[in-house]
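Text of coords_31.tsv (TSV, C-alpha atoms (C1' of nucleotides)) as supplied:
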chain	number	residue	atom	x	y	z
A	1	MET	CA	10.09	-94.11	-99.47
A	2	SER	CA	11.39	-90.71	-100.46
A	3	ILE	CA	9.33	-88.71	-102.95
A	4	ALA	CA	5.96	-89.88	-101.66
A	5	LYS	CA	4.82	-91.31	-104.97
A	6	GLU	CA	7.25	-93.21	-107.09
A	7	THR	CA	5.82	-94.32	-110.39
A	8	LYS	CA	6.08	-97.80	-111.85
A	9	ARG	CA	8.54	-96.50	-114.38
A	10	ASP	CA	10.63	-94.93	-111.64
A	11	GLU	CA	10.72	-98.23	-109.83
A	12	ARG	CA	11.78	-100.05	-112.95
A	13	LEU	CA	14.59	-97.63	-113.60
A	14	ASP	CA	15.61	-97.78	-109.94
A	15	ALA	CA	15.88	-101.55	-110.22
A	16	ILE	CA	17.72	-101.53	-113.52
A	17	PHE	CA	20.30	-98.91	-112.60
A	18	HIS	CA	20.75	-100.44	-109.18
A	19	ALA	CA	21.38	-103.81	-110.81
A	20	LEU	CA	24.00	-102.24	-113.07
A	21	SER	CA	25.69	-100.40	-110.21
A	22	ASP	CA	27.68	-103.41	-109.01
A	23	ALA	CA	30.78	-104.63	-110.82
A	24	THR	CA	30.08	-108.27	-110.00
A	25	ARG	CA	26.65	-108.01	-111.56
A	26	ARG	CA	28.04	-106.29	-114.63
A	27	ARG	CA	30.53	-109.13	-114.93
A	28	ILE	CA	27.72	-111.64	-114.68
A	29	ILE	CA	26.02	-109.84	-117.55
A	30	ALA	CA	29.24	-109.97	-119.53
A	31	GLU	CA	29.53	-113.70	-118.84
A	32	LEU	CA	25.95	-114.38	-119.84
A	33	ALA	CA	26.39	-112.39	-123.01
A	34	ARG	CA	28.79	-115.10	-124.13
A	35	GLY	CA	26.12	-117.71	-123.62
A	36	SER	CA	23.63	-118.85	-121.04
A	37	GLN	CA	24.96	-120.85	-118.16
A	38	ALA	CA	23.90	-122.79	-115.12
A	39	VAL	CA	24.33	-120.98	-111.82
A	40	THR	CA	27.25	-122.99	-110.45
A	41	GLU	CA	29.06	-122.85	-113.77
A	42	LEU	CA	28.47	-119.13	-113.92
A	43	ALA	CA	29.72	-118.69	-110.37
A	44	LEU	CA	33.06	-120.40	-110.98
A	45	PRO	CA	35.15	-117.37	-111.98
A	46	PHE	CA	33.89	-115.34	-109.03
A	47	PRO	CA	35.65	-115.38	-105.67
A	48	ILE	CA	32.42	-115.20	-103.71
A	49	SER	CA	30.05	-117.86	-102.44
A	50	LEU	CA	27.27	-119.45	-104.42
A	51	PRO	CA	24.53	-117.88	-102.30
A	52	ALA	CA	26.07	-114.49	-103.04
A	53	ILE	CA	25.84	-115.20	-106.78
A	54	SER	CA	22.30	-116.40	-106.32
A	55	LYS	CA	21.39	-113.11	-104.68
A	56	HIS	CA	23.02	-111.14	-107.48
A	57	LEU	CA	20.91	-113.13	-109.91
A	58	ASP	CA	17.84	-112.18	-107.87
A	59	VAL	CA	18.73	-108.52	-108.28
A	60	LEU	CA	19.31	-108.92	-112.01
A	61	GLU	CA	16.09	-110.86	-112.36
A	62	ARG	CA	14.06	-108.29	-110.46
A	63	ALA	CA	15.45	-105.67	-112.82
A	64	GLY	CA	14.32	-107.74	-115.78
A	65	LEU	CA	17.83	-108.19	-117.09
A	66	VAL	CA	18.17	-111.92	-116.52
A	67	ARG	CA	15.89	-114.92	-116.36
A	68	ARG	CA	16.40	-118.29	-114.80
A	69	ALA	CA	14.71	-121.39	-116.11
A	70	ARG	CA	14.98	-124.84	-114.65
A	71	GLU	CA	16.43	-127.33	-117.03
A	72	GLY	CA	16.72	-130.70	-115.42
A	73	ARG	CA	18.57	-130.19	-112.24
A	74	PHE	CA	20.29	-127.13	-113.55
A	75	GLN	CA	19.01	-123.63	-113.39
A	76	ARG	CA	19.95	-122.06	-116.68
A	77	CYS	CA	20.47	-118.27	-116.73
A	78	HIS	CA	20.11	-116.09	-119.76
A	79	LEU	CA	19.92	-112.40	-120.51
A	80	THR	CA	16.72	-110.64	-121.48
A	81	ALA	CA	16.80	-107.51	-123.56
A	82	ALA	CA	13.84	-105.31	-122.79
A	83	ALA	CA	15.00	-103.69	-119.56
A	84	LEU	CA	18.10	-102.18	-121.07
A	85	ASP	CA	15.96	-100.27	-123.52
A	86	ASP	CA	14.51	-98.27	-120.68
A	87	ALA	CA	17.90	-97.53	-119.20
A	88	SER	CA	19.22	-96.61	-122.59
A	89	ALA	CA	16.27	-94.36	-123.29
A	90	PHE	CA	16.86	-92.42	-120.11
A	91	ILE	CA	20.54	-92.00	-120.71
A	92	GLU	CA	20.31	-91.14	-124.38
A	93	ARG	CA	17.70	-88.54	-123.66
A	94	TYR	CA	20.09	-86.53	-121.57
A	95	ARG	CA	23.20	-87.50	-123.43
A	96	ALA	CA	21.82	-86.06	-126.63
A	97	TYR	CA	20.91	-82.87	-124.83
A	98	TRP	CA	24.28	-82.58	-123.20
A	99	HIS	CA	26.27	-83.14	-126.31
A	100	THR	CA	24.31	-80.67	-128.36
A	101	ASN	CA	23.68	-77.99	-125.76
A	102	LEU	CA	25.77	-78.41	-122.71
A	103	ASP	CA	29.26	-78.98	-123.92
A	104	GLN	CA	29.57	-75.45	-125.21
A	105	LEU	CA	27.68	-74.02	-122.29
A	106	ALA	CA	29.96	-75.78	-119.84
A	107	ALA	CA	32.97	-74.61	-121.78
A	108	PHE	CA	31.62	-71.09	-121.66
A	109	VAL	CA	30.92	-71.27	-117.94
A	110	GLU	CA	34.37	-72.56	-117.21
A	111	ALA	CA	36.10	-70.17	-119.55
A	112	SER	CA	34.54	-67.13	-117.92
A	113	ALA	CA	35.49	-67.49	-114.29
A	114	THR	CA	32.52	-65.48	-112.97
A	115	PRO	CA	29.95	-66.03	-115.67
A	116	ALA	CA	27.16	-63.51	-115.82
A	117	ARG	CA	23.71	-64.86	-115.13
A	118	ALA	CA	20.85	-64.35	-117.51
A	119	LYS	CA	18.38	-66.97	-118.85
A	120	LYS	CA	18.21	-68.59	-115.47
A	121	ALA	CA	14.42	-68.52	-115.33
A	122	LYS	CA	14.25	-70.39	-118.61
A	123	LYS	CA	11.82	-72.85	-117.11
B	1	MET	CA	35.01	-104.86	-101.19
B	2	SER	CA	33.77	-107.87	-103.11
B	3	ILE	CA	35.87	-109.01	-106.06
B	4	ALA	CA	39.24	-108.27	-104.47
B	5	LYS	CA	40.36	-105.88	-107.19
B	6	GLU	CA	37.93	-103.43	-108.65
B	7	THR	CA	39.36	-101.36	-111.45
B	8	LYS	CA	39.11	-97.59	-111.79
B	9	ARG	CA	36.66	-98.06	-114.61
B	10	ASP	CA	34.56	-100.39	-112.48
B	11	GLU	CA	34.46	-97.82	-109.74
B	12	ARG	CA	33.41	-95.11	-112.17
B	13	LEU	CA	30.59	-97.23	-113.54
B	14	ASP	CA	29.57	-98.21	-110.01
B	15	ALA	CA	29.31	-94.53	-109.12
B	16	ILE	CA	27.46	-93.55	-112.27
B	17	PHE	CA	24.87	-96.33	-112.18
B	18	HIS	CA	24.43	-95.91	-108.46
B	19	ALA	CA	23.81	-92.20	-108.99
B	20	LEU	CA	21.19	-93.00	-111.61
B	21	SER	CA	19.49	-95.63	-109.46
B	22	ASP	CA	17.52	-93.13	-107.39
B	23	ALA	CA	14.41	-91.41	-108.76
B	24	THR	CA	15.12	-88.20	-106.86
B	25	ARG	CA	18.55	-87.97	-108.42
B	26	ARG	CA	17.15	-88.64	-111.86
B	27	ARG	CA	14.66	-85.84	-111.27
B	28	ILE	CA	17.50	-83.56	-110.25
B	29	ILE	CA	19.19	-84.38	-113.54
B	30	ALA	CA	15.96	-83.62	-115.38
B	31	GLU	CA	15.69	-80.29	-113.58
B	32	LEU	CA	19.26	-79.34	-114.32
B	33	ALA	CA	18.82	-80.26	-117.95
B	34	ARG	CA	16.42	-77.31	-118.17
B	35	GLY	CA	19.10	-75.00	-116.89
B	36	SER	CA	21.60	-74.71	-114.10
B	37	GLN	CA	20.25	-73.72	-110.72
B	38	ALA	CA	21.36	-72.83	-107.22
B	39	VAL	CA	20.91	-75.58	-104.66
B	40	THR	CA	18.01	-74.08	-102.71
B	41	GLU	CA	16.19	-73.15	-105.90
B	42	LEU	CA	16.75	-76.65	-107.23
B	43	ALA	CA	15.51	-78.18	-103.97
B	44	LEU	CA	12.18	-76.33	-104.03
B	45	PRO	CA	10.08	-78.89	-105.93
B	46	PHE	CA	11.31	-81.75	-103.78
B	47	PRO	CA	9.53	-82.76	-100.58
B	48	ILE	CA	12.77	-83.52	-98.77
B	49	SER	CA	15.14	-81.42	-96.72
B	50	LEU	CA	17.95	-79.28	-98.11
B	51	PRO	CA	20.67	-81.46	-96.57
B	52	ALA	CA	19.12	-84.45	-98.32
B	53	ILE	CA	19.35	-82.64	-101.65
B	54	SER	CA	22.91	-81.65	-100.83
B	55	LYS	CA	23.78	-85.30	-100.30
B	56	HIS	CA	22.15	-86.29	-103.57
B	57	LEU	CA	24.28	-83.65	-105.26
B	58	ASP	CA	27.35	-85.17	-103.61
B	59	VAL	CA	26.46	-88.52	-105.14
B	60	LEU	CA	25.88	-86.99	-108.57
B	61	GLU	CA	29.10	-85.04	-108.32
B	62	ARG	CA	31.15	-88.08	-107.28
B	63	ALA	CA	29.75	-89.82	-110.34
B	64	GLY	CA	30.88	-86.95	-112.54
B	65	LEU	CA	27.35	-86.11	-113.63
B	66	VAL	CA	27.03	-82.74	-111.93
B	67	ARG	CA	29.31	-79.95	-110.85
B	68	ARG	CA	28.81	-77.23	-108.32
B	69	ALA	CA	30.51	-73.86	-108.61
B	70	ARG	CA	30.24	-71.05	-106.13
B	71	GLU	CA	28.79	-67.94	-107.60
B	72	GLY	CA	28.56	-65.23	-105.00
B	73	ARG	CA	26.68	-66.75	-102.15
B	74	PHE	CA	24.95	-69.22	-104.38
B	75	GLN	CA	26.22	-72.59	-105.35
B	76	ARG	CA	25.28	-73.06	-108.96
B	77	CYS	CA	24.75	-76.64	-110.15
B	78	HIS	CA	25.09	-77.76	-113.70
B	79	LEU	CA	25.29	-81.03	-115.56
B	80	THR	CA	28.48	-82.39	-117.03
B	81	ALA	CA	28.36	-84.72	-119.98
B	82	ALA	CA	31.32	-87.07	-119.93
B	83	ALA	CA	30.16	-89.60	-117.35
B	84	LEU	CA	27.04	-90.57	-119.25
B	85	ASP	CA	29.17	-91.61	-122.17
B	86	ASP	CA	30.63	-94.41	-120.08
B	87	ALA	CA	27.25	-95.57	-118.90
B	88	SER	CA	25.92	-95.41	-122.41
B	89	ALA	CA	28.88	-97.33	-123.77
B	90	PHE	CA	28.30	-100.15	-121.32
B	91	ILE	CA	24.61	-100.37	-122.04
B	92	GLU	CA	24.84	-100.05	-125.78
B	93	ARG	CA	27.45	-102.76	-125.90
B	94	TYR	CA	25.03	-105.31	-124.54
B	95	ARG	CA	21.94	-103.79	-125.99
B	96	ALA	CA	23.30	-104.19	-129.49
B	97	TYR	CA	24.19	-107.81	-128.75
B	98	TRP	CA	20.81	-108.52	-127.28
B	99	HIS	CA	18.82	-107.03	-130.04
B	100	THR	CA	20.74	-108.76	-132.76
B	101	ASN	CA	21.37	-112.12	-131.11
B	102	LEU	CA	19.29	-112.64	-128.07
B	103	ASP	CA	15.79	-111.70	-129.00
B	104	GLN	CA	15.43	-114.69	-131.29
B	105	LEU	CA	17.31	-116.93	-128.94
B	106	ALA	CA	15.03	-115.98	-126.08
B	107	ALA	CA	12.03	-116.49	-128.28
B	108	PHE	CA	13.31	-119.89	-129.23
B	109	VAL	CA	14.00	-120.86	-125.65
B	110	GLU	CA	10.54	-119.80	-124.55
B	111	ALA	CA	8.81	-121.37	-127.51
B	112	SER	CA	10.26	-124.77	-126.83
B	113	ALA	CA	9.16	-125.47	-123.28
B	114	THR	CA	11.93	-127.95	-122.51
B	115	PRO	CA	14.58	-126.90	-124.93
B	116	ALA	CA	17.02	-129.63	-125.77
B	117	ARG	CA	20.47	-129.05	-124.56
B	118	ALA	CA	23.43	-129.01	-126.94
B	119	LYS	CA	25.88	-126.16	-127.42
B	120	LYS	CA	26.03	-125.66	-123.65
B	121	ALA	CA	29.80	-125.70	-123.55
B	122	LYS	CA	29.96	-123.00	-126.19
B	123	LYS	CA	32.34	-120.97	-124.08
C	1	DC	C1'	15.33	-145.46	-103.06
C	2	DC	C1'	18.82	-142.66	-101.79
C	3	DA	C1'	22.75	-140.17	-101.94
C	4	DA	C1'	25.16	-136.83	-104.55
C	5	DT	C1'	24.59	-132.62	-107.17
C	6	DA	C1'	22.61	-128.01	-107.88
C	7	DC	C1'	20.70	-124.44	-105.96
C	8	DT	C1'	17.90	-121.48	-102.63
C	9	DT	C1'	16.48	-119.93	-98.06
C	10	DA	C1'	17.49	-118.59	-93.42
C	11	DA	C1'	19.93	-116.24	-90.11
C	12	DC	C1'	23.23	-113.27	-89.23
C	13	DC	C1'	26.63	-109.25	-89.75
C	14	DA	C1'	29.06	-104.88	-90.89
C	15	DA	C1'	28.81	-101.12	-93.87
C	16	DA	C1'	26.38	-98.00	-96.89
C	17	DC	C1'	21.93	-95.43	-97.96
C	18	DG	C1'	18.55	-92.02	-97.58
C	19	DG	C1'	16.49	-89.42	-94.61
C	20	DT	C1'	16.06	-86.33	-90.37
C	21	DT	C1'	17.26	-82.08	-87.17
C	22	DA	C1'	20.66	-79.09	-85.27
C	23	DA	C1'	24.89	-76.76	-85.69
C	24	DT	C1'	28.28	-74.64	-88.50
C	25	DC	C1'	30.50	-72.20	-92.31
C	26	DA	C1'	30.45	-68.54	-96.10
C	27	DT	C1'	28.98	-64.54	-98.34
C	28	DG	C1'	26.87	-60.10	-99.37
C	29	DG	C1'	23.62	-56.40	-98.32
C	30	DA	C1'	21.95	-52.87	-94.97
D	1	DT	C1'	29.93	-54.63	-88.68
D	2	DC	C1'	26.65	-58.00	-88.25
D	3	DC	C1'	23.12	-60.50	-89.54
D	4	DA	C1'	20.13	-62.75	-92.88
D	5	DT	C1'	20.57	-65.93	-96.57
D	6	DG	C1'	22.54	-70.06	-98.79
D	7	DA	C1'	24.44	-74.30	-98.25
D	8	DT	C1'	27.31	-77.93	-95.98
D	9	DT	C1'	28.70	-80.78	-91.90
D	10	DA	C1'	27.62	-83.44	-87.88
D	11	DA	C1'	25.17	-86.68	-85.42
D	12	DC	C1'	21.82	-89.78	-85.49
D	13	DC	C1'	18.34	-93.44	-87.12
D	14	DG	C1'	15.99	-97.29	-89.51
D	15	DT	C1'	16.48	-99.98	-93.83
D	16	DT	C1'	18.94	-102.03	-97.53
D	17	DT	C1'	23.07	-104.09	-99.42
D	18	DG	C1'	26.47	-107.53	-100.12
D	19	DG	C1'	28.64	-110.83	-97.97
D	20	DT	C1'	29.03	-115.01	-94.84
D	21	DT	C1'	27.86	-120.06	-93.12
D	22	DA	C1'	24.50	-123.50	-92.30
D	23	DA	C1'	20.33	-125.69	-93.29
D	24	DG	C1'	16.79	-126.89	-96.60
D	25	DT	C1'	14.77	-128.14	-101.23
D	26	DA	C1'	14.84	-130.30	-105.89
D	27	DT	C1'	16.30	-133.47	-109.22
D	28	DT	C1'	18.60	-137.26	-111.08
D	29	DG	C1'	22.13	-140.90	-111.70
D	30	DG	C1'	23.43	-145.31	-109.61

Before we go any further, please render this structure as structure tokens.
Amino acid sequence: MSIAKETKRDERLDAIFHALSDATRRRIIAELARGSQAVTELALPFPISLPAISKHLDVLERAGLVRRAREGRFQRCHLTAAALDDASAFIERYRAYWHTNLDQLAAFVEASATPARAKKAKK
Amino acid sequence: MSIAKETKRDERLDAIFHALSDATRRRIIAELARGSQAVTELALPFPISLPAISKHLDVLERAGLVRRAREGRFQRCHLTAAALDDASAFIERYRAYWHTNLDQLAAFVEASATPARAKKAKK
DNA sequence: CCAATACTTAACCAAACGGTTAATCATGGA
DNA sequence: TCCATGATTAACCGTTTGGTTAAGTATTGG
């Protein structure tokens, strides 16, 4: 949908940031960071149904943040690292820029109520 | 919804990650990183309507990533830095853990097809 | 084997998303 | 003044999301 052509990388970032955009899923990540767990075990602290947890795990798995592996009759969940690197790369790219360039600029813009223009066509 | 009580910080992270989960919005951020722009100007490269862009800006603004300020009859958009720090903090927290602890663990788990149990109740 | 345990899939639902077009508001130049 | 320009609001629409309950699948202990 939307922009006509969405690249593979776009889709990956979509999935990763979407996965991180829900507090329950972030809590699942926090739980798994303390050690891998079976689904039912993992679901215990959460006040929602098991199928709901299962779906959250789907979302996390699609984003490449979590993997499930059958172990006997349990389905053990554990975190995987790679996906976060992409998310981090995106964020740090702009964060670096903002902290070096934008903080002062923003301060300037806010300080001067009606800031004069200039340099707009920097592109 | 969901977990009964969602903290302020949860809500902020929800908003930030949600804002970042759309490729169009990430492109808007990329555009604005090259310099602040009026809405219509900003919308030009995008194959969607102006109201759609306006809504995306709402989302980015709610997340604290962008601010709009009227300047004559233009509405100038610029990035704001603070919100990304939160997102970064969340990611880096787990990224650090993963890269130091999990990479080997994952490798181990994958290497041994049916990894023996043990240490399950580590929590 | 077979029943209990551990999940997942299916079907459904209300609300949120991302987009549209049309109408409205806001501002500045002629 | 008034209208053209810039942008938001309103109303609508199909799809996705996050949840539910109920039914189905998989595995293993008895």

Practice prompt. Kindly give the distance, in Å, that separates atom CA of Val39 of chain B and atom CA of Ile53 of chain B, rounded to a single decimal.
Written response: 7.8 Å

Item to complete: Find the residues near segment 10-20 of chain D: any atom within 12 Å, counting only C-alpha atoms (C1' of nucleotides), skip ones fewer than 2 places away on the same chain, and give them as a ChimeraX atom specification.
Response: /A:1,18-19,21-25,47-56,59 /B:1-3,51 /C:11-24 /D:8,22

Worksheet item: Expressed in Å to a single decimal, how great is the separation between atom C1' of DG29 of chain C and atom CA of Arg73 of chain B?
Response: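 Atom-to-atom, atom C1' of DG29 of chain C to atom CA of Arg73 of chain B, that is 11.5 Å.
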
Practice prompt. Pick out the closest residue to chain D from this set: B:Arg68, B:Thr40, B:Arg95, B:Asp86. Count all atoms listed in the file.
Written response: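 When distances to chain D are compared using all atoms listed in the file, the smallest one comes from B:Thr40.
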
Practice prompt. Compute the set of chain C residues within 10 Å of chain A, using all atoms listed in the file, and express it as an NGL selection string.
Written response: :C and (5-9 or 18-19)

Response to the item:
Separating atom CA of Glu92 of chain B from atom CA of Leu57 of chain B, to the nearest tenth of an Å, is a gap of 26.3 Å

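The environment of Ile91 of chain B within 12 Å, counting all atoms listed in the file and disregarding residues fewer than 6 places along the same chain, consists of Ile16, Phe17, Leu20, Ser21, Arg26, Ile29, Ala30, Leu65, Ala81, Ala82, Ala83, Leu84, Asp85, Asp86, Ala87, Ser88, Ala89, Phe90, Ile91 and Glu92 of chain A; Leu13, Phe17, Leu84, Asp85, Tyr97, Trp98 and His99 of chain B.
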
Would you place a box with edges along x, y and z of the file around all atoms of segment 68-85 of chain A listed there, add 3 Å to each of its six sides, and report the centre and edge lengths in Å to one decimal, as lines of an AutoDock Vina configuration file?
center_x = 17.2
center_y = -115.5
center_z = -117.9
size_x = 12.6
size_y = 36.4
size_z = 17.3

Discussion item. Nearest residue to chain A out of B:Asp14, B:Glu41, B:Glu31, B:Asp58, using only C-alpha atoms?
Written reply: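 That would be B:Asp14, the residue with the smallest distance to chain A.
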
Worksheet item: Looking at only C-alpha atoms (C1' of nucleotides), which of D:DT1, D:DG30, D:DA7, D:DT25 is the one that sits closest to chain A?
Response: D:DT25

Worksheet item: Using only C-alpha atoms (C1' of nucleotides), which residues sit within 10 Å of Cys77 of chain A once same-chain residues fewer than 5 positions away are excluded, as a ChimeraX atom specification?
Response: /A:32,35-39,42,57,61,66-71

Item to complete: Counting only C-alpha atoms (C1' of nucleotides), figure out which residue out of D:DT9, D:DC2, D:DG29, D:DA23 gets nearest to chain B.
Response: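 Closest to chain B, using only C-alpha atoms (C1' of nucleotides): D:DT9.
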